[in-house]
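Have a look at coords-v9.cif; it's mmCIF, C-alpha atoms and all ligand atoms:
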data_my_file
#
loop_
_atom_site.label_atom_id
_atom_site.label_comp_id
_atom_site.auth_asym_id
_atom_site.auth_seq_id
_atom_site.Cartn_x
_atom_site.Cartn_y
_atom_site.Cartn_z
CA MET A 1008 -38.72 -38.71 57.77
CA TYR A 1009 -42.29 -39.79 58.56
CA THR A 1010 -44.43 -37.48 60.66
CA LEU A 1011 -47.50 -38.88 62.36
CA ASN A 1012 -50.55 -36.76 61.91
CA TRP A 1013 -52.99 -37.66 64.69
CA GLY A 1014 -55.93 -35.88 63.04
CA HIS A 1015 -58.69 -35.26 65.57
CA LEU A 1016 -56.65 -37.02 68.25
CA SER A 1017 -53.59 -35.94 70.19
CA LEU A 1018 -50.88 -38.28 71.41
CA ALA A 1019 -52.12 -37.78 74.99
CA GLU A 1020 -55.70 -38.64 73.96
CA PHE A 1021 -54.51 -41.68 72.04
CA LEU A 1022 -52.60 -42.98 75.06
CA GLN A 1023 -55.47 -42.26 77.43
CA HIS A 1024 -58.34 -43.68 75.38
CA TYR A 1025 -56.90 -46.18 72.89
CA TRP A 1026 -53.45 -47.56 73.75
CA GLN A 1027 -54.03 -51.12 75.04
CA LYS A 1028 -57.77 -50.41 75.20
CA LYS A 1029 -59.52 -49.85 71.90
CA PRO A 1030 -58.69 -50.13 68.20
CA VAL A 1031 -58.70 -46.93 66.17
CA LEU A 1032 -58.18 -45.86 62.58
CA ILE A 1033 -55.87 -42.90 62.19
CA LYS A 1034 -57.05 -41.74 58.77
CA ALA A 1035 -54.17 -40.32 56.69
CA GLY A 1036 -51.86 -40.77 59.69
CA PHE A 1037 -49.06 -40.28 57.20
CA LYS A 1038 -49.99 -37.60 54.68
CA GLN A 1039 -48.86 -38.15 51.06
CA PHE A 1040 -47.40 -41.46 52.12
CA VAL A 1041 -44.44 -42.69 50.11
CA ASP A 1042 -43.58 -46.37 50.53
CA PRO A 1043 -40.03 -46.77 51.88
CA LEU A 1044 -39.59 -49.85 49.70
CA SER A 1045 -41.24 -51.50 46.70
CA ALA A 1046 -42.98 -54.86 46.40
CA ASP A 1047 -39.93 -56.03 44.42
CA GLU A 1048 -37.67 -55.10 47.29
CA VAL A 1049 -39.91 -57.04 49.71
CA ALA A 1050 -39.53 -60.03 47.40
CA GLY A 1051 -35.77 -59.41 47.35
CA LEU A 1052 -35.65 -59.58 51.16
CA ALA A 1053 -37.67 -62.80 51.08
CA LEU A 1054 -34.89 -64.36 48.96
CA GLU A 1055 -32.53 -64.23 51.91
CA GLU A 1056 -31.94 -67.26 54.09
CA GLU A 1057 -31.42 -65.23 57.30
CA ILE A 1058 -34.61 -63.15 56.89
CA GLU A 1059 -37.78 -64.76 58.19
CA SER A 1060 -40.53 -64.82 55.59
CA ARG A 1061 -43.73 -66.75 54.95
CA ILE A 1062 -46.56 -66.91 52.45
CA VAL A 1063 -50.14 -67.51 53.51
CA SER A 1064 -52.55 -68.46 50.74
CA ASN A 1065 -56.24 -69.12 50.75
CA ASN A 1066 -58.02 -70.72 47.83
CA ASN A 1067 -61.68 -71.52 48.51
CA ASN A 1068 -60.94 -71.83 52.22
CA ASN A 1069 -57.96 -74.08 51.67
CA TRP A 1070 -55.42 -72.25 53.84
CA GLN A 1071 -51.74 -72.96 53.24
CA LEU A 1072 -48.62 -71.60 54.89
CA HIS A 1073 -45.18 -71.81 53.29
CA SER A 1074 -41.92 -70.73 54.92
CA GLY A 1075 -39.31 -68.74 52.99
CA PRO A 1076 -36.88 -68.07 51.49
CA PHE A 1077 -38.79 -67.66 48.21
CA THR A 1078 -37.25 -67.44 44.77
CA ASP A 1079 -40.36 -67.86 42.63
CA TYR A 1080 -43.99 -66.85 43.05
CA ALA A 1081 -45.37 -68.41 39.86
CA ASN A 1082 -47.09 -71.25 41.74
CA PHE A 1083 -49.07 -68.82 43.86
CA GLY A 1084 -50.87 -67.14 40.95
CA GLU A 1085 -52.19 -63.58 40.89
CA GLN A 1086 -54.46 -63.54 43.91
CA ASN A 1087 -55.42 -64.85 47.37
CA TRP A 1088 -51.95 -64.90 48.89
CA THR A 1089 -49.81 -62.67 51.05
CA LEU A 1090 -46.06 -62.59 51.62
CA LEU A 1091 -44.98 -61.55 55.13
CA VAL A 1092 -41.41 -60.54 55.92
CA GLN A 1093 -40.34 -60.15 59.53
CA ALA A 1094 -37.88 -57.65 61.07
CA VAL A 1095 -37.46 -55.59 57.90
CA ASP A 1096 -36.10 -52.76 60.06
CA HIS A 1097 -33.00 -54.93 60.58
CA TRP A 1098 -32.23 -54.97 56.88
CA HIS A 1099 -33.69 -51.88 55.25
CA GLN A 1100 -32.69 -48.47 56.56
CA GLU A 1101 -35.49 -46.53 54.81
CA ALA A 1102 -38.17 -48.94 56.05
CA ALA A 1103 -36.73 -48.72 59.58
CA LYS A 1104 -37.63 -45.01 59.55
CA LEU A 1105 -41.27 -46.05 59.86
CA LEU A 1106 -40.62 -46.99 63.50
CA GLN A 1107 -39.51 -43.47 64.37
CA PRO A 1108 -42.99 -41.85 64.70
CA PHE A 1109 -43.99 -44.54 67.20
CA ARG A 1110 -41.06 -43.95 69.48
CA PHE A 1111 -43.26 -42.31 72.08
CA ILE A 1112 -43.23 -45.89 73.38
CA PRO A 1113 -39.80 -46.84 74.83
CA ASN A 1114 -37.28 -48.90 72.84
CA TRP A 1115 -37.67 -52.01 74.95
CA ARG A 1116 -41.42 -52.27 74.16
CA ILE A 1117 -40.86 -52.10 70.40
CA ASP A 1118 -40.49 -55.40 68.58
CA ASP A 1119 -39.99 -55.08 64.86
CA LEU A 1120 -41.34 -53.87 61.54
CA MET A 1121 -43.07 -56.57 59.54
CA VAL A 1122 -43.90 -55.89 55.92
CA SER A 1123 -46.51 -57.74 53.91
CA PHE A 1124 -47.25 -57.76 50.24
CA SER A 1125 -50.76 -59.03 49.48
CA THR A 1126 -52.41 -59.83 46.19
CA PRO A 1127 -56.18 -59.26 45.74
CA GLY A 1128 -58.06 -61.49 48.20
CA GLY A 1129 -54.84 -62.05 50.17
CA GLY A 1130 -54.61 -61.97 53.97
CA VAL A 1131 -53.76 -64.20 56.91
CA GLY A 1132 -57.40 -64.66 57.89
CA PRO A 1133 -59.27 -63.46 60.97
CA HIS A 1134 -57.04 -63.78 64.04
CA LEU A 1135 -55.92 -62.31 67.35
CA ASP A 1136 -52.43 -61.15 68.28
CA GLN A 1137 -50.97 -61.01 71.77
CA TYR A 1138 -49.31 -57.67 71.10
CA ASP A 1139 -50.22 -54.12 70.17
CA VAL A 1140 -49.69 -53.29 66.53
CA PHE A 1141 -49.91 -50.26 64.26
CA ILE A 1142 -50.68 -51.40 60.72
CA ILE A 1143 -49.77 -48.81 58.11
CA GLN A 1144 -51.34 -49.04 54.67
CA GLY A 1145 -48.76 -48.57 51.93
CA GLU A 1146 -49.53 -48.78 48.24
CA GLY A 1147 -52.87 -50.38 47.35
CA LYS A 1148 -56.06 -50.79 49.34
CA ARG A 1149 -57.17 -53.31 51.88
CA HIS A 1150 -60.47 -54.07 53.56
CA TRP A 1151 -59.92 -54.24 57.31
CA ARG A 1152 -62.32 -55.32 60.00
CA VAL A 1153 -61.39 -55.07 63.67
CA GLY A 1154 -63.40 -56.05 66.75
CA MET A 1155 -63.12 -55.73 70.52
CA PRO A 1156 -61.78 -58.61 72.65
CA ASP A 1157 -64.49 -61.21 73.12
CA PRO A 1158 -64.02 -64.24 75.37
CA SER A 1159 -66.70 -66.14 73.46
CA LEU A 1160 -64.54 -66.20 70.30
CA GLU A 1161 -63.02 -69.55 69.52
CA GLN A 1162 -59.64 -70.11 67.97
CA HIS A 1163 -59.01 -72.87 65.43
CA CYS A 1164 -56.25 -73.98 63.06
CA PRO A 1165 -57.29 -74.20 59.40
CA HIS A 1166 -53.63 -75.20 58.86
CA PRO A 1167 -51.34 -76.66 61.57
CA ARG A 1168 -49.33 -73.41 61.70
CA LEU A 1169 -52.18 -70.91 61.30
CA LEU A 1170 -54.29 -69.83 64.24
CA GLN A 1171 -57.53 -68.11 63.32
CA VAL A 1172 -60.59 -66.95 65.18
CA SER A 1173 -64.30 -67.59 64.71
CA PRO A 1174 -66.48 -64.88 63.05
CA PHE A 1175 -66.45 -61.69 65.12
CA THR A 1176 -68.45 -58.48 65.34
CA ASP A 1177 -66.48 -55.53 64.05
CA CYS A 1178 -66.25 -52.03 65.47
CA ILE A 1179 -64.03 -50.86 62.61
CA ASN A 1180 -64.88 -51.77 59.03
CA VAL A 1181 -62.84 -49.73 56.57
CA ILE A 1182 -60.98 -49.74 53.32
CA THR A 1183 -57.52 -48.49 54.11
CA GLU A 1184 -55.67 -46.26 51.68
CA PRO A 1185 -51.99 -45.26 51.54
CA GLY A 1186 -50.95 -43.50 54.74
CA ASP A 1187 -53.87 -44.76 56.86
CA ILE A 1188 -52.86 -46.31 60.17
CA LEU A 1189 -54.84 -48.84 62.14
CA TYR A 1190 -54.00 -49.30 65.79
CA ILE A 1191 -54.98 -52.71 67.17
CA PRO A 1192 -54.53 -53.57 70.88
CA PRO A 1193 -53.73 -57.12 72.02
CA GLY A 1194 -56.59 -59.60 71.82
CA CYS A 1195 -58.71 -57.64 69.31
CA PRO A 1196 -59.82 -59.87 66.42
CA HIS A 1197 -58.89 -58.49 63.01
CA ASP A 1198 -58.96 -59.45 59.38
CA GLY A 1199 -57.41 -57.63 56.44
CA ILE A 1200 -58.29 -58.69 52.92
CA SER A 1201 -56.49 -57.03 50.07
CA ILE A 1202 -58.55 -55.33 47.41
CA GLU A 1203 -55.62 -54.79 45.08
CA ASN A 1204 -51.89 -55.50 45.29
CA SER A 1205 -51.07 -53.95 48.60
CA LEU A 1206 -48.18 -53.26 50.96
CA ASN A 1207 -48.73 -53.12 54.71
CA TYR A 1208 -46.25 -52.24 57.44
CA SER A 1209 -46.83 -53.60 60.93
CA VAL A 1210 -45.09 -51.85 63.79
CA GLY A 1211 -45.19 -54.55 66.42
CA PHE A 1212 -44.66 -54.31 70.16
CA ARG A 1213 -43.53 -56.82 72.71
CA ALA A 1214 -44.93 -57.51 76.15
CA PRO A 1215 -43.14 -60.28 78.02
CA SER A 1216 -45.38 -62.87 79.67
CA GLN A 1217 -44.85 -64.04 83.24
CA LYS A 1218 -43.45 -67.24 81.76
CA ASP A 1219 -40.92 -65.29 79.64
CA LEU A 1220 -39.94 -63.21 82.66
CA ILE A 1221 -39.48 -66.16 84.98
CA ASN A 1222 -37.52 -68.02 82.29
CA GLY A 1223 -35.31 -65.00 81.70
CA PHE A 1224 -34.79 -64.55 85.43
CA ALA A 1225 -33.84 -68.22 85.87
CA ASP A 1226 -31.37 -67.94 82.96
CA HIS A 1227 -29.80 -64.91 84.62
CA LEU A 1228 -29.43 -66.78 87.94
CA LEU A 1229 -27.79 -69.69 86.11
CA ASP A 1230 -25.45 -67.40 84.12
CA GLN A 1231 -24.39 -65.57 87.26
CA ASN A 1232 -24.26 -68.78 89.30
CA LEU A 1233 -26.58 -67.29 91.91
CA SER A 1234 -28.36 -69.85 94.07
CA GLY A 1235 -29.86 -67.56 96.71
CA ASN A 1236 -31.15 -68.90 100.01
CA ARG A 1237 -32.26 -72.45 100.59
CA PHE A 1238 -35.48 -73.68 102.13
CA SER A 1239 -35.11 -74.09 105.91
CA ASP A 1240 -37.51 -75.23 108.65
CA GLN A 1241 -35.87 -74.75 112.03
CA ASN A 1242 -39.21 -74.75 113.86
CA ARG A 1243 -40.55 -77.94 112.33
CA GLN A 1244 -43.21 -79.80 114.40
CA PRO A 1245 -44.00 -83.53 113.92
CA ALA A 1246 -45.95 -83.93 110.66
CA GLU A 1247 -49.64 -84.83 110.99
CA SER A 1248 -49.53 -86.61 107.67
CA ILE A 1249 -46.14 -87.40 106.20
CA GLY A 1250 -47.55 -87.38 102.68
CA ALA A 1251 -48.84 -83.83 102.89
CA ILE A 1252 -47.26 -80.64 101.61
CA THR A 1253 -48.82 -78.12 103.95
CA ALA A 1254 -50.07 -74.63 103.23
CA ALA A 1255 -47.35 -73.35 105.59
CA ASP A 1256 -44.67 -75.17 103.53
CA LEU A 1257 -46.06 -73.67 100.35
CA GLN A 1258 -46.20 -70.22 101.82
CA GLN A 1259 -42.53 -70.48 102.72
CA VAL A 1260 -41.67 -71.70 99.21
CA GLN A 1261 -43.61 -68.80 97.75
CA GLN A 1262 -41.77 -66.41 100.05
CA LEU A 1263 -38.40 -67.78 98.90
CA VAL A 1264 -39.36 -67.30 95.26
CA SER A 1265 -40.72 -63.82 95.76
CA ASP A 1266 -37.72 -62.75 97.90
CA MET A 1267 -35.51 -63.62 94.95
CA ALA A 1268 -37.75 -61.81 92.47
CA ASN A 1269 -37.95 -58.82 94.82
CA ASN A 1270 -34.20 -58.41 94.87
CA LYS A 1271 -33.92 -54.80 93.71
CA GLU A 1272 -30.21 -55.21 92.95
CA LEU A 1273 -30.73 -58.09 90.53
CA LEU A 1274 -33.85 -56.81 88.83
CA PRO A 1275 -32.43 -54.13 86.49
CA HIS A 1276 -29.46 -56.31 85.55
CA TRP A 1277 -31.44 -59.32 84.42
CA PHE A 1278 -34.30 -57.40 82.90
CA GLY A 1279 -32.06 -55.06 80.92
CA GLU A 1280 -29.88 -57.88 79.62
CA MET A 1281 -32.87 -60.02 78.71
CA ILE A 1282 -35.02 -57.37 77.07
CA SER A 1283 -32.16 -55.96 74.98
CA GLN A 1284 -31.46 -59.30 73.30
CA ALA A 1285 -32.31 -59.41 69.60
CA LYS A 1286 -35.15 -61.70 68.60
CA HIS A 1287 -34.25 -61.75 64.92
CA GLU A 1288 -30.91 -61.84 63.22
CA LEU A 1289 -29.09 -58.48 62.95
CA ASP A 1290 -27.17 -57.28 59.92
CA ILE A 1291 -23.88 -56.99 61.81
CA ASN A 1292 -20.53 -56.70 60.05
CA GLN A 1293 -17.63 -56.21 62.41
CA PRO A 1294 -14.86 -54.09 60.91
CA ASP A 1295 -11.78 -56.14 60.06
CA PRO A 1296 -9.28 -55.20 61.32
CA HIS A 1297 -10.79 -53.45 64.34
CA TYR A 1298 -10.36 -49.70 64.62
CA THR A 1299 -8.05 -48.25 67.24
CA VAL A 1300 -9.32 -45.51 69.56
CA GLU A 1301 -6.94 -43.09 67.81
CA GLU A 1302 -8.43 -43.91 64.40
CA ILE A 1303 -11.96 -43.33 65.65
CA ALA A 1304 -10.88 -40.02 67.22
CA GLU A 1305 -9.44 -38.98 63.89
CA TYR A 1306 -12.53 -39.96 61.84
CA ILE A 1307 -14.89 -38.12 64.10
CA THR A 1308 -12.86 -34.94 64.30
CA GLU A 1309 -12.77 -35.01 60.50
CA GLY A 1310 -16.59 -34.98 60.59
CA SER A 1311 -18.11 -38.44 60.28
CA VAL A 1312 -21.67 -39.67 60.71
CA LEU A 1313 -22.44 -43.00 62.37
CA THR A 1314 -25.54 -45.13 61.88
CA ARG A 1315 -26.80 -47.70 64.35
CA VAL A 1316 -27.43 -51.16 63.00
CA GLY A 1317 -31.16 -51.67 62.33
CA GLY A 1318 -33.11 -53.35 65.12
CA LEU A 1319 -30.27 -53.08 67.68
CA ARG A 1320 -31.91 -52.97 71.09
CA CYS A 1321 -30.48 -50.24 73.31
CA CYS A 1322 -31.80 -49.15 76.68
CA TYR A 1323 -30.49 -47.99 80.03
CA TYR A 1324 -31.39 -47.91 83.70
CA GLN A 1325 -30.29 -45.42 86.32
CA ALA A 1326 -31.67 -45.87 89.82
CA ASP A 1327 -31.12 -42.20 90.73
CA ALA A 1328 -29.14 -39.24 89.45
CA SER A 1329 -26.01 -40.19 91.41
CA SER A 1330 -26.01 -43.91 90.54
CA ASP A 1331 -24.02 -45.52 87.76
CA ILE A 1332 -25.99 -46.03 84.57
CA LEU A 1333 -26.52 -49.56 83.33
CA LEU A 1334 -26.37 -49.41 79.55
CA PHE A 1335 -27.81 -52.47 77.80
CA ILE A 1336 -27.01 -53.13 74.18
CA ASN A 1337 -27.88 -56.35 72.39
CA GLY A 1338 -28.04 -58.38 75.62
CA ASP A 1339 -24.79 -56.98 77.06
CA LYS A 1340 -24.38 -54.58 79.93
CA VAL A 1341 -21.89 -51.75 80.39
CA SER A 1342 -21.70 -49.72 83.58
CA ILE A 1343 -21.24 -46.00 82.93
CA PRO A 1344 -20.62 -43.16 85.43
CA ALA A 1345 -23.72 -41.21 86.49
CA THR A 1346 -22.43 -38.01 84.92
CA GLU A 1347 -22.55 -39.57 81.43
CA LEU A 1348 -26.32 -39.72 81.00
CA ALA A 1349 -26.31 -37.40 77.97
CA THR A 1350 -23.74 -39.63 76.22
CA VAL A 1351 -25.72 -42.77 77.02
CA LYS A 1352 -28.86 -41.18 75.59
CA LEU A 1353 -27.06 -40.45 72.34
CA LEU A 1354 -26.56 -44.20 71.98
CA THR A 1355 -30.01 -45.33 73.11
CA ASP A 1356 -32.26 -42.59 71.75
CA GLN A 1357 -30.83 -41.92 68.31
CA GLU A 1358 -30.35 -44.04 65.23
CA ILE A 1359 -27.88 -41.59 63.70
CA LEU A 1360 -24.95 -39.95 65.44
CA SER A 1361 -24.34 -36.68 63.65
CA VAL A 1362 -21.01 -34.90 63.28
CA THR A 1363 -21.87 -32.75 66.32
CA ASP A 1364 -22.97 -35.76 68.40
CA ASN A 1365 -19.72 -37.50 67.58
CA LEU A 1366 -17.68 -34.55 68.72
CA ILE A 1367 -19.14 -35.15 72.20
CA PHE A 1368 -17.52 -38.60 72.10
CA SER A 1369 -14.15 -37.10 71.27
CA GLN A 1370 -14.19 -35.04 74.47
CA SER A 1371 -12.99 -37.85 76.75
CA ASP A 1372 -10.96 -41.06 76.47
CA GLU A 1373 -13.70 -43.09 78.17
CA ARG A 1374 -16.33 -41.92 75.68
CA LEU A 1375 -14.00 -42.63 72.78
CA GLN A 1376 -13.29 -46.09 74.14
CA LEU A 1377 -16.99 -46.84 74.47
CA LEU A 1378 -17.70 -45.65 70.94
CA THR A 1379 -14.75 -47.59 69.53
CA GLN A 1380 -15.99 -50.73 71.28
CA MET A 1381 -19.47 -50.25 69.80
CA ILE A 1382 -18.08 -49.70 66.29
CA ASN A 1383 -15.77 -52.72 66.57
CA LEU A 1384 -18.73 -54.87 67.60
CA GLY A 1385 -20.38 -53.76 64.34
CA TYR A 1386 -23.23 -51.99 66.19
CA TRP A 1387 -22.56 -48.54 64.66
CA TYR A 1388 -21.01 -47.97 61.25
CA PHE A 1389 -19.73 -44.97 59.34
CA THR A 1390 -22.15 -43.71 56.74
CA GLU A 1391 -20.36 -40.52 55.73
C1 LIG B 1401 -50.61 -58.09 57.44
O1 LIG B 1401 -51.11 -59.02 56.81
O2 LIG B 1401 -49.98 -57.18 56.89
C2 LIG B 1401 -50.78 -58.00 58.91
C3 LIG B 1401 -51.11 -59.28 59.47
C4 LIG B 1401 -51.76 -59.12 60.83
O3 LIG B 1401 -52.90 -58.83 60.90
O4 LIG B 1401 -51.12 -59.34 61.86
CO CO B 1402 -52.54 -59.51 63.26
#
Can the structure in the file be given as C-alpha cells, please?
Amino acid sequence: MYTLNWGHLSLAEFLQHYWQKKPVLIKAGFKQFVDPLSADEVAGLALEEEIESRIVSNNNNNWQLHSGPFTDYANFGEQNWTLLVQAVDHWHQEAAKLLQPFRFIPNWRIDDLMVSFSTPGGGVGPHLDQYDVFIIQGEGKRHWRVGMPDPSLEQHCPHPRLLQVSPFTDCINVITEPGDILYIPPGCPHDGISIENSLNYSVGFRAPSQKDLINGFADHLLDQNLSGNRFSDQNRQPAESIGAITAADLQQVQQLVSDMANNKELLPHWFGEMISQAKHELDINQPDPHYTVEEIAEYITEGSVLTRVGGLRCCYYQADASSDILLFINGDKVSIPATELATVKLLTDQEILSVTDNLIFSQSDERLQLLTQMINLGYWYFTE
C-alpha cells in the first residue's frame, strides 16, 4: 500500500495550482519508499515478447534506440543507457499498486505505469510529452530538470524514432531520491539524467485528441451501421459559379457533422466503449473450462478473494439516478439496472474484491451471472 504524502500541499491545492498547469516536485511523496520490483525483475519483463520495451543509449551524443525484447545487456556497457518497459501494471501486481495513490483522477484518464532502469548518464534526452505524468524516483538518484511550456522550443530527431527538444530554461532543477515524485504537465520540457543505477516509475495519463475522438466516433458509427441524415438542399437557388462550394454549403455540412456529434444518446456509448479499450496487451487467462454460476456462488460463499487483471479499463456512465447504468469493461458494454450502482462501483473502483464484497454478488442471480461472466472472460481471478 503506497500512501501519497503531499507535504506542504493538499490534494485540492495540487489540483487547483499544478494539475495541467505547472510542474512540481513532491519531495518524499512516498516516505521510506520500497521499490515494488527490482532492476532484475524489470529486465525479466523486458525478456517477454508481448511486453513493450526499449533501450535508449547516448554515447557522446550518438543517440540510439533499440526495441525489445532484450536477453542480453552486455553490448550496452555500464553507463549512458536506459531501459524503458511499458504497461508494467498489466504484468506486475505489486508495481500496479503504485497507481493507487493517483486514483483521485478517474480510471479513464489513467494510461499505464512505465518503469525505467537507467545506468549512470542514462536518460531519453530532453523532450516534451503530450500527457501528464507523475515520475516516481525508486532506488538510485537522478538529476531532473523541468521547464514550462515554451513555443519557441524546437523539436528535432537525433535518431529517427527519438523526438527531443532544444535547450530549455528550467524551473525545477533537482536530484531526485527514492520516494520523490515529480509531476510534469503536458508540453513541459524535461530531462532526467541518472546519477547512479536508478529505477523510475512513470504514472502516465491519457487525453484523447480531437483526431482520436473523431476516429473513435467514426468507428462506432461503422460498427453500429449508423449512417445518420444525409445532406439535403430543398431550397437550392441557381449556382452563381458551378465550381464553388459556398459558405452556406459548408455551414450545412458542419451542422450535419455537429448534429451527429451532439447526439446525446450515442455519446456515452461510443465514448465508454472506446476509452475502455486496452492500449497494451493484458495478461488474460480465461479459465478452462468456464465456471458455472453455481460454482462461483459456492466459491464466494466459502470466502474467496478476486483480483482484477492489471490494466483492465473499467468505467461506467449513468445519466441520472433512475437510468440504466452503462458499464464499460475492456471495450465492451453491459447495461445494468439503475439500482445496481453499488455493485457496478465494486467492479470499476476496486482492484480487489474482498470476501465481503463478493458476498454482495451472491445476493442475486443477476449479480452472480455478471460476476461469472467477468471471471470466465479472465478479467477477475481467484487469489485466495
Ligand atoms: C524515464 O526515463 O523514466 C521517464 C522518461 C520520460 O521523461 O518520459
Ligand atoms: Co517524458
> Within 10 Å of ligand CO 1402 (chain B), counting only C-alpha atoms and all ligand atoms, which protein or nucleic acid residues do you find, written as a list in words?
Replying inline: Gly1130, Val1131, Gly1132, Pro1133, His1134, Leu1135, Asp1136, Gln1137, Tyr1138, Asp1139, Val1140, Phe1141, Ile1142, Val1153, Gln1171, Ile1191, Pro1192, Pro1193, Gly1194, Cys1195, Pro1196, His1197, Asp1198, Gly1199, Ser1209 and Gly1211 of chain A
> So which one's closest to ligand LIG 1401 (chain B), A:Leu1022, A:Met1121, A:Leu1054, A:Ala1035? Using all atoms listed in the file, please.
Replying inline: A:Met1121
> So, counting only C-alpha atoms and all ligand atoms, which residue among A:Tyr1190, A:Phe1083, A:Phe1077, A:Phe1389 is closest to ligand LIG 1401 (chain B)?
Replying inline: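 Between A:Tyr1190, A:Phe1083, A:Phe1077, A:Phe1389, the residue approaching ligand LIG 1401 (chain B) most closely is A:Tyr1190.
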>> What does the structure give for the distance between CA of His1073 in chain A and CA of Asp1042 in chain A, in Å to one decimal?
In response: 25.6 Å
>> So that I can see what lies close to Ile1307 in chain A, please list as an NGL selection string the residues with an atom at most 7 Å from it, counting all atoms listed in the file and leaving out residues fewer than 6 positions away in the same chain.
In response: :A and (1362 or 1365-1366)
>> From the options A:Thr1010, A:Asp1364, A:Leu1169, A:Glu1280, which residue's atoms come nearest to Gln1071 in chain A, counting all atoms listed in the file?
In response: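 Closest candidate: A:Leu1169.
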> In Å, with one decimal, what is the gap from CA of Cys1321 in chain A to CA of Leu1334 in chain A?
Replying inline: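 Answer for the CA of Cys1321 in chain A to CA of Leu1334 in chain A separation: 7.5 Å.
Residues of protein, DNA and RNA with at least one atom no farther than 8 Å from (-55.2, -42.6, 59.4) are, using all atoms listed in the file, Asn1012, Trp1013, Gly1014, Leu1032, Ile1033, Lys1034, Ala1035, Gly1036, Phe1037, Gly1186, Asp1187, Ile1188 and Leu1189 of chain A.
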>> Report as an NGL selection string all protein, DNA and RNA residues lying within 12 Å of Glu1358 in chain A, evaluated on all atoms listed in the file, omitting residues in the same chain fewer than 6 positions from it.
In response: :A and (1096 or 1100-1101 or 1103-1104 or 1106-1107 or 1110 or 1114 or 1312-1321 or 1352 or 1364 or 1386-1388 or 1390)
>> One number please: CA of Gly1051 in chain A to CA of Trp1070 in chain A, in Å, one decimal.
In response: 24.4 Å
>> Nearest residue to ligand LIG 1401 (chain B) out of A:Gln1241, A:Gln1357, A:Gln1162, A:Ser1064, using only C-alpha atoms and all ligand atoms?
In response: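 Nearest candidate to ligand LIG 1401 (chain B) out of A:Gln1241, A:Gln1357, A:Gln1162, A:Ser1064: A:Ser1064.
Of the listed residues A:Glu1048, A:Glu1373, A:Glu1184, A:Asp1327, the one whose atoms come nearest to Arg1149 in chain A is A:Glu1184, with distances taken using all atoms listed in the file.
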>> Could you check the closest approach to ligand LIG 1401 (chain B) for each of A:Gln1093, A:Asn1069, A:Ser1017, A:Ser1248 and tell me which residue wins, using all atoms listed in the file?
In response: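 That would be A:Gln1093, the residue with the smallest distance to ligand LIG 1401 (chain B).
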> So which residues touch Pro1344 in chain A within 10 Å, counting only C-alpha atoms, skipping near sequence neighbours fewer than 4 positions away, as a ChimeraX atom specification?
Replying inline: /A:1325,1329-1333,1348,1351
